$ cat entry_12.txt   # compact mmCIF, C-alpha atoms
# COMPACT_ATOMS: atom_id res chain seq x y z
CA MET W 119 -22.66 35.82 1.12
CA LEU W 120 -21.83 37.10 4.61
CA ARG W 121 -24.53 39.76 4.31
CA PHE W 122 -27.08 37.07 3.32
CA VAL W 123 -26.21 35.01 6.42
CA VAL W 124 -26.54 38.07 8.65
CA VAL W 125 -30.00 38.81 7.19
CA LEU W 126 -31.09 35.22 7.83
CA LYS W 127 -29.94 35.43 11.45
CA ILE W 128 -31.82 38.70 11.95
CA LEU W 129 -35.00 37.18 10.52
CA TYR W 130 -34.60 34.09 12.70
CA PHE W 131 -34.39 36.12 15.88
CA THR W 132 -36.99 38.75 15.00
CA LEU W 133 -39.85 36.87 13.30
CA PRO W 134 -42.59 35.81 15.71
CA THR W 135 -42.72 32.13 16.63
CA VAL W 136 -45.79 30.17 17.63
CA CYS W 137 -45.63 28.96 21.22
CA TYR W 138 -48.24 26.42 22.20
CA LYS W 139 -49.30 25.86 25.78
CA PRO W 140 -48.49 22.46 27.30
CA VAL W 141 -51.13 19.75 26.99
CA ILE W 142 -51.98 17.09 29.57
CA PHE W 143 -53.60 13.84 28.40
CA MET W 144 -55.71 11.64 30.67
CA HIS W 145 -56.68 8.12 29.59
CA GLY W 146 -60.01 6.40 30.20
CA ILE W 147 -61.23 3.33 32.09
CA LEU W 148 -59.40 0.01 31.57
CA ALA W 149 -56.78 1.85 29.53
CA GLY W 150 -53.33 3.43 29.80
CA LYS W 151 -51.29 6.23 28.33
CA THR W 152 -50.51 4.28 25.14
CA ASP W 153 -54.17 4.61 24.19
CA MET W 154 -53.52 8.30 23.60
CA LYS W 155 -50.66 7.68 21.15
CA ASP W 156 -52.60 8.67 18.01
CA LEU W 157 -53.74 11.92 19.55
CA TRP W 158 -50.16 12.55 20.65
CA GLY W 159 -49.00 12.04 17.05
CA TYR W 160 -51.63 14.36 15.59
CA LEU W 161 -50.72 17.09 18.04
CA CYS W 162 -46.99 16.77 17.39
CA LYS W 163 -47.63 17.02 13.64
CA GLU W 164 -49.97 20.01 13.72
CA HIS W 165 -48.51 21.87 16.72
CA PRO W 166 -44.80 21.02 16.67
CA GLY W 167 -42.93 21.82 19.83
CA THR W 168 -45.93 21.36 22.12
CA GLN W 169 -44.91 19.94 25.47
CA ILE W 170 -47.16 16.97 26.18
CA TYR W 171 -47.72 15.19 29.49
CA ASN W 172 -49.44 11.81 29.40
CA ILE W 173 -50.71 10.79 32.85
CA ASP W 174 -49.58 7.25 33.66
CA LEU W 175 -51.56 6.68 36.85
CA TYR W 176 -54.43 4.26 37.56
CA THR W 177 -54.05 2.35 34.34
CA TYR W 178 -56.01 -0.72 33.22
CA LEU W 179 -57.45 -2.63 36.21
CA GLU W 180 -56.29 0.09 38.61
CA SER W 181 -58.70 2.44 36.82
CA LEU W 182 -61.51 0.58 38.60
CA LYS W 183 -60.39 1.91 41.98
CA PRO W 184 -62.57 4.55 43.68
CA LEU W 185 -62.47 7.87 41.87
CA TRP W 186 -61.92 9.84 45.09
CA GLU W 187 -58.60 7.99 45.46
CA GLN W 188 -57.73 8.45 41.80
CA THR W 189 -58.57 12.15 41.87
CA ARG W 190 -56.35 12.77 44.90
CA ASP W 191 -53.27 11.35 43.19
CA ILE W 192 -53.98 12.63 39.70
CA ALA W 193 -54.68 16.14 41.03
CA ALA W 194 -51.32 16.13 42.79
CA LYS W 195 -49.59 15.05 39.59
CA MET W 196 -51.37 17.66 37.48
CA LYS W 197 -50.77 20.42 40.02
CA GLY W 198 -47.04 19.79 39.77
CA ILE W 199 -47.23 20.20 36.00
CA MET W 200 -49.36 23.34 36.27
CA ASP W 201 -47.01 24.88 38.82
CA ASN W 202 -44.17 24.48 36.32
CA HIS W 203 -46.13 26.21 33.57
CA LYS W 204 -47.41 29.53 34.83
CA GLU W 205 -48.58 30.44 31.31
CA GLY W 206 -51.34 27.85 31.59
CA VAL W 207 -52.06 24.37 30.28
CA HIS W 208 -54.73 22.45 28.37
CA LEU W 209 -56.41 19.19 29.42
CA VAL W 210 -57.57 16.51 26.98
CA CYS W 211 -59.33 13.81 28.96
CA PHE W 212 -61.08 10.71 27.65
CA SER W 213 -64.07 8.77 29.00
CA GLN W 214 -63.84 8.16 32.76
CA GLY W 215 -60.69 10.27 32.69
CA GLY W 216 -62.81 13.24 31.63
CA LEU W 217 -64.82 12.97 34.82
CA VAL W 218 -61.63 12.76 36.89
CA CYS W 219 -60.25 15.84 35.14
CA ARG W 220 -63.43 17.75 35.91
CA ALA W 221 -63.03 16.81 39.57
CA VAL W 222 -59.44 18.07 39.47
CA LEU W 223 -60.67 21.41 38.13
CA GLU W 224 -63.29 21.68 40.86
CA MET W 225 -60.85 20.82 43.62
CA LEU W 226 -57.74 22.82 42.66
CA PRO W 227 -58.16 26.50 43.63
CA THR W 228 -55.03 27.57 41.75
CA HIS W 229 -55.37 25.58 38.54
CA ASN W 230 -54.50 27.43 35.34
CA VAL W 231 -56.33 25.37 32.73
CA ASP W 232 -57.08 27.22 29.53
CA SER W 233 -59.06 24.57 27.61
CA PHE W 234 -60.60 21.49 29.20
CA ILE W 235 -61.55 19.05 26.44
CA SER W 236 -63.88 16.35 27.73
CA LEU W 237 -63.77 13.57 25.14
CA SER W 238 -66.82 11.29 25.38
CA ALA W 239 -66.86 11.44 29.17
CA PRO W 240 -69.88 10.49 31.34
CA GLN W 241 -70.29 13.99 32.77
CA GLY W 242 -73.99 13.31 33.36
CA GLY W 243 -73.31 9.80 34.62
CA GLN W 244 -73.94 6.35 33.21
CA PHE W 245 -77.18 4.37 33.03
CA GLY W 246 -76.62 1.40 30.76
CA VAL W 247 -74.70 -1.87 30.90
CA THR W 248 -72.35 -1.84 27.92
CA SER W 249 -69.35 -3.85 26.78
CA TYR W 250 -67.07 -2.17 29.32
CA PHE W 251 -69.26 -3.17 32.26
CA LYS W 252 -70.62 -6.62 31.39
CA PRO W 253 -67.41 -8.52 32.26
CA LEU W 254 -67.43 -6.91 35.71
CA LEU W 255 -71.09 -7.58 36.56
CA PRO W 256 -72.19 -10.08 33.88
CA HIS W 257 -75.58 -11.10 35.29
CA VAL W 258 -76.93 -7.75 36.48
CA THR W 259 -79.24 -5.59 34.38
CA LYS W 260 -79.32 -1.81 34.65
CA GLU W 261 -82.61 -1.95 36.59
CA TYR W 262 -80.93 -3.77 39.49
CA MET W 263 -77.46 -2.28 39.27
CA TYR W 264 -78.26 0.33 41.92
CA LYS W 265 -78.67 -2.41 44.53
CA ILE W 266 -75.00 -3.22 44.09
CA LEU W 267 -73.48 0.15 43.27
CA TYR W 268 -75.38 2.34 45.72
CA THR W 269 -73.72 0.66 48.69
CA TRP W 270 -70.42 1.21 50.47
CA GLU W 271 -69.04 -1.86 48.69
CA GLY W 272 -70.33 -0.68 45.32
CA GLN W 273 -68.67 2.68 45.82
CA ASP W 274 -65.31 0.89 45.90
CA LEU W 275 -65.76 0.39 42.14
CA SER W 276 -65.19 3.44 39.93
CA ILE W 277 -68.30 2.73 37.85
CA GLY W 278 -70.42 3.03 40.99
CA ASN W 279 -69.09 6.53 41.49
CA TYR W 280 -70.94 7.85 38.42
CA TRP W 281 -73.82 5.39 38.06
CA ASN W 282 -76.81 7.71 37.71
CA ASP W 283 -80.07 5.77 37.96
CA PRO W 284 -83.02 8.06 37.14
CA HIS W 285 -85.36 5.82 39.15
CA HIS W 286 -83.31 5.98 42.36
CA GLN W 287 -82.24 9.59 42.74
CA GLN W 288 -82.76 9.57 46.49
CA GLU W 289 -80.09 6.90 46.85
CA PHE W 290 -77.85 8.67 44.32
CA ARG W 291 -77.97 11.84 46.42
CA ASP W 292 -77.72 10.09 49.79
CA PRO W 293 -75.26 12.29 51.73
CA SER W 294 -74.04 9.32 53.75
CA LEU W 295 -72.70 7.65 50.59
CA GLN W 296 -71.10 10.82 49.15
CA ILE W 297 -71.37 9.46 45.62
CA TYR W 298 -68.63 11.07 43.54
CA LEU W 299 -70.79 12.45 40.72
CA ALA W 300 -73.51 13.74 43.06
CA VAL W 301 -70.85 15.60 45.05
CA LEU W 302 -69.21 17.07 41.93
CA ASN W 303 -72.65 18.21 40.76
CA ASN W 304 -73.28 19.83 44.16
CA GLN W 305 -76.44 17.73 44.37
CA THR W 306 -75.67 16.53 47.87
CA HIS W 307 -74.31 18.19 50.99
CA ASN W 308 -70.77 19.36 50.46
CA ALA W 309 -68.98 21.87 52.65
CA ARG W 310 -66.83 22.87 49.66
CA SER W 311 -69.68 23.39 47.18
CA GLN W 312 -68.93 27.07 46.58
CA ASP W 313 -65.24 26.32 46.21
CA PHE W 314 -66.04 23.64 43.64
CA LYS W 315 -68.02 26.15 41.60
CA ASN W 316 -65.44 28.93 41.89
CA ASN W 317 -62.60 26.61 40.96
CA PHE W 318 -64.41 25.16 37.94
CA LEU W 319 -65.15 28.67 36.69
CA ARG W 320 -61.40 29.39 36.53
CA THR W 321 -61.40 27.29 33.33
CA LYS W 322 -61.35 29.50 30.24
CA ASN W 323 -63.07 27.02 27.89
CA VAL W 324 -64.93 23.76 28.53
CA VAL W 325 -65.28 21.65 25.36
CA LEU W 326 -67.69 18.70 25.42
CA ILE W 327 -67.39 16.07 22.67
CA GLY W 328 -69.59 13.02 22.10
CA GLY W 329 -71.85 11.38 19.54
CA PRO W 330 -74.81 9.08 18.89
CA ASP W 331 -72.72 6.12 17.71
CA ASP W 332 -70.54 6.02 20.82
CA GLY W 333 -72.06 2.73 22.01
CA VAL W 334 -70.69 2.92 25.56
CA ILE W 335 -71.71 6.18 27.26
CA MET W 336 -75.45 5.98 28.01
CA PRO W 337 -77.11 8.18 27.20
CA TRP W 338 -74.47 9.40 24.79
CA GLN W 339 -75.62 12.94 25.61
CA SER W 340 -74.13 12.41 29.06
CA SER W 341 -70.96 13.64 27.37
CA HIS W 342 -72.86 16.98 27.19
CA PHE W 343 -74.07 16.80 30.82
CA ALA W 344 -77.46 15.27 29.92
CA THR W 345 -79.14 12.37 31.77
CA PHE W 346 -82.17 10.12 31.48
CA ASP W 347 -85.35 11.25 33.19
CA GLN W 348 -87.71 8.85 35.00
CA GLU W 349 -89.33 7.85 31.70
CA GLU W 350 -85.81 7.23 30.32
CA ASN W 351 -86.08 10.08 27.87
CA VAL W 352 -83.00 12.24 27.52
CA LEU W 353 -83.06 15.34 29.69
CA GLU W 354 -80.69 17.77 28.03
CA MET W 355 -78.13 19.82 29.92
CA ASP W 356 -80.11 23.07 29.89
CA LYS W 357 -83.10 21.29 31.47
CA GLN W 358 -81.05 19.90 34.34
CA GLU W 359 -81.57 21.30 37.83
CA TYR W 360 -77.81 21.67 38.24
CA TYR W 361 -77.72 23.84 35.10
CA ILE W 362 -80.83 25.92 35.86
CA LYS W 363 -79.65 26.66 39.40
CA ASP W 364 -76.00 26.86 38.26
CA TYR W 365 -74.84 24.49 40.99
CA PHE W 366 -71.26 24.26 39.76
CA GLY W 367 -71.03 26.91 37.07
CA LEU W 368 -72.30 25.34 33.84
CA GLN W 369 -74.85 28.08 33.15
CA THR W 370 -72.28 30.77 33.89
CA LEU W 371 -69.80 29.15 31.50
CA ASN W 372 -72.46 28.98 28.81
CA LYS W 373 -73.66 32.56 29.24
CA THR W 374 -70.09 33.88 29.11
CA GLY W 375 -69.31 32.00 25.89
CA ARG W 376 -66.97 29.46 27.44
CA LEU W 377 -68.97 26.23 27.02
CA TRP W 378 -68.78 24.41 23.70
CA THR W 379 -70.46 21.17 22.57
CA TYR W 380 -69.80 18.92 19.60
CA GLY W 381 -71.99 16.00 18.52
CA ILE W 382 -70.19 13.84 15.96
CA SER W 383 -71.80 10.83 14.25
CA GLY W 384 -69.99 7.68 13.14
CA VAL W 385 -67.46 7.47 15.98
CA HIS W 386 -67.43 4.52 18.41
CA HIS W 387 -66.28 5.05 21.96
CA HIS W 388 -62.80 3.58 21.52
CA GLN W 389 -62.18 5.70 18.39
CA TRP W 390 -62.50 9.21 19.80
CA HIS W 391 -58.79 9.65 20.54
CA SER W 392 -57.65 8.07 17.26
CA ASN W 393 -60.05 9.75 14.80
CA TYR W 394 -58.18 12.44 12.89
CA THR W 395 -61.39 14.18 11.79
CA VAL W 396 -62.43 14.59 15.43
CA PHE W 397 -59.01 16.04 16.19
CA GLN W 398 -59.24 18.51 13.30
CA CYS W 399 -62.80 19.69 13.86
CA CYS W 400 -63.16 19.62 17.63
CA ILE W 401 -59.79 19.51 19.42
CA GLU W 402 -56.94 21.21 17.54
CA ARG W 403 -58.33 24.76 17.64
CA TRP W 404 -58.48 24.71 21.46
CA LEU W 405 -54.84 23.73 21.96
CA THR W 406 -53.04 26.95 21.04
$ encode --input "entry_12.txt" --output "structure tokens"
Amino acid sequence: MLRFVVVLKILYFTLPTVCYKPVIFMHGILAGKTDMKDLWGYLCKEHPGTQIYNIDLYTYLESLKPLWEQTRDIAAKMKGIMDNHKEGVHLVCFSQGGLVCRAVLEMLPTHNVDSFISLSAPQGGQFGVTSYFKPLLPHVTKEYMYKILYTWEGQDLSIGNYWNDPHHQQEFRDPSLQIYLAVLNNQTHNARSQDFKNNFLRTKNVVLIGGPDDGVIMPWQSSHFATFDQEENVLEMDKQEYYIKDYFGLQTLNKTGRLWTYGISGVHHHQWHSNYTVFQCCIERWLT
């Protein structure tokens, strides 16, 4: 019996154990960390022992504050986590939170993110008034939204920071406004443009998830860095000027096998972080 116990102890200390890198969750607009509870549960079940950090900043109505302000504080929070985990971390960021996480990656020169999972995030911007926006600006159509959002006052609202009107690109790129998305895309003057690109390219894998039944992100392909063109046809990522000229590293990521896209049907915007199939097919494999 004693010999059996000794053998068990030897096996316990000598067999390899799976160690998963820590994961940071970032919620979306008009939401909080509890919205990520299903994803948290799936990860705990499939990757037991994973250390999970759920960012609890700029929740609910505070998520409407300017994204420059949000990014400053969220970057500081995430940097503290990264500094404590030299082995690297993963980011899983939903909706507007995915855009904030991208900004964090572009702005932190020492980040150690292995996988950045952008879950139905408006990486190419938003051009459509959906259920999330109508309560805020109930009587304004998308054709006139730029008159409100492309102003100093409009830029005090997070939605204005990534409103991408294909008919008013001059205003979108106006260097005096420093619109958040235009700056992240290096589409307007930015003294740190090369730093943004270099920092973003530190990311080992960028995973873009979205789908045609999302119902909120417009176009839904914005989750894959696409936009509308002036005829309001979808201009895919690889046709974008910022991809062709590699403004912030997308083409480099793609050519080095580090950019991954998933288009999943049948998932509404608010279901991405609770759909187990999405977790299994598109998220789990990147969180090792």
$ closest_residue --input "entry_12.txt" --among "W:Ser340, W:Thr395, W:Ser213, W:Asn303" --to "Val352 of chain W" --atoms "all atoms listed in the file"
W:Ser340
$ residues_around --input "entry_12.txt" --residues "Arg291 of chain W" --least-positions-apart "6" --cutoff "7 Å" --atoms "only C-alpha atoms" --output "PyMOL selection string"
chain W and resi 300+305-306
$ closest_residue --input "entry_12.txt" --among "W:Leu299, W:Cys399, W:Ile173, W:Leu371" --to "Asn316 of chain W" --atoms "all atoms listed in the file"
W:Leu371
$ closest_residue --input "entry_12.txt" --among "W:Ala221, W:Cys162, W:Leu377, W:Val324" --to "Gln188 of chain W" --atoms "only C-alpha atoms"
W:Ala221
$ residues_around --input "entry_12.txt" --residues "Pro284 of chain W" --least-positions-apart "6" --cutoff "9 Å" --atoms "all atoms listed in the file" --output "MDAnalysis selection string"
chainID W and resid 245 290 345:350
$ residues_near_point --input "entry_12.txt" --point "(-71.2, 6.4, 28.8)" --cutoff "12 Å" --atoms "only C-alpha atoms" --output "ChimeraX atom specification"
/W:146-147,212-217,237-251,277,280-282,328-346,386-388
$ atom_distance --input "entry_12.txt" --atom1 "atom CA of Ala193 of chain W" --atom2 "atom CA of Glu224 of chain W"
10.2 Å
$ residues_around --input "entry_12.txt" --residues "His208 of chain W" --least-positions-apart "4" --cutoff "12 Å" --atoms "only C-alpha atoms" --output "VMD selection string"
chain W and resid 138 to 144 168 to 172 196 199 to 200 203 219 223 229 to 236 321 to 325 401 to 406
$ closest_residue --input "entry_12.txt" --among "W:Thr259, W:Pro227, W:Asn351, W:Thr269" --to "Gln312 of chain W" --atoms "all atoms listed in the file"
W:Pro227
$ atom_distance --input "entry_12.txt" --atom1 "atom CA of Leu161 of chain W" --atom2 "atom CA of Phe397 of chain W"
8.6 Å
$ residues_around --input "entry_12.txt" --residues "Lys155 of chain W" --least-positions-apart "4" --cutoff "9 Å" --atoms "only C-alpha atoms" --output "number ranges by chain"
W: 151, 159-160, 391-392
$ atom_distance --input "entry_12.txt" --atom1 "atom CA of Leu179 of chain W" --atom2 "atom CA of Gly384 of chain W"
28.2 Å
$ closest_residue --input "entry_12.txt" --among "W:Asn304, W:Gly206, W:Gln389, W:His257" --to "Leu368 of chain W" --atoms "all atoms listed in the file"
W:Asn304
$ residues_around --input "entry_12.txt" --residues "Thr228 of chain W" --least-positions-apart "2" --cutoff "9 Å" --atoms "only C-alpha atoms" --output "list in words"
Lys197, Met200, Asp201, Leu226, Asn230, Asn317 and Arg320 of chain W
$ closest_residue --input "entry_12.txt" --among "W:Phe366, W:Tyr360, W:Tyr178, W:Tyr264" --to "Thr152 of chain W" --atoms "all atoms listed in the file"
W:Tyr178
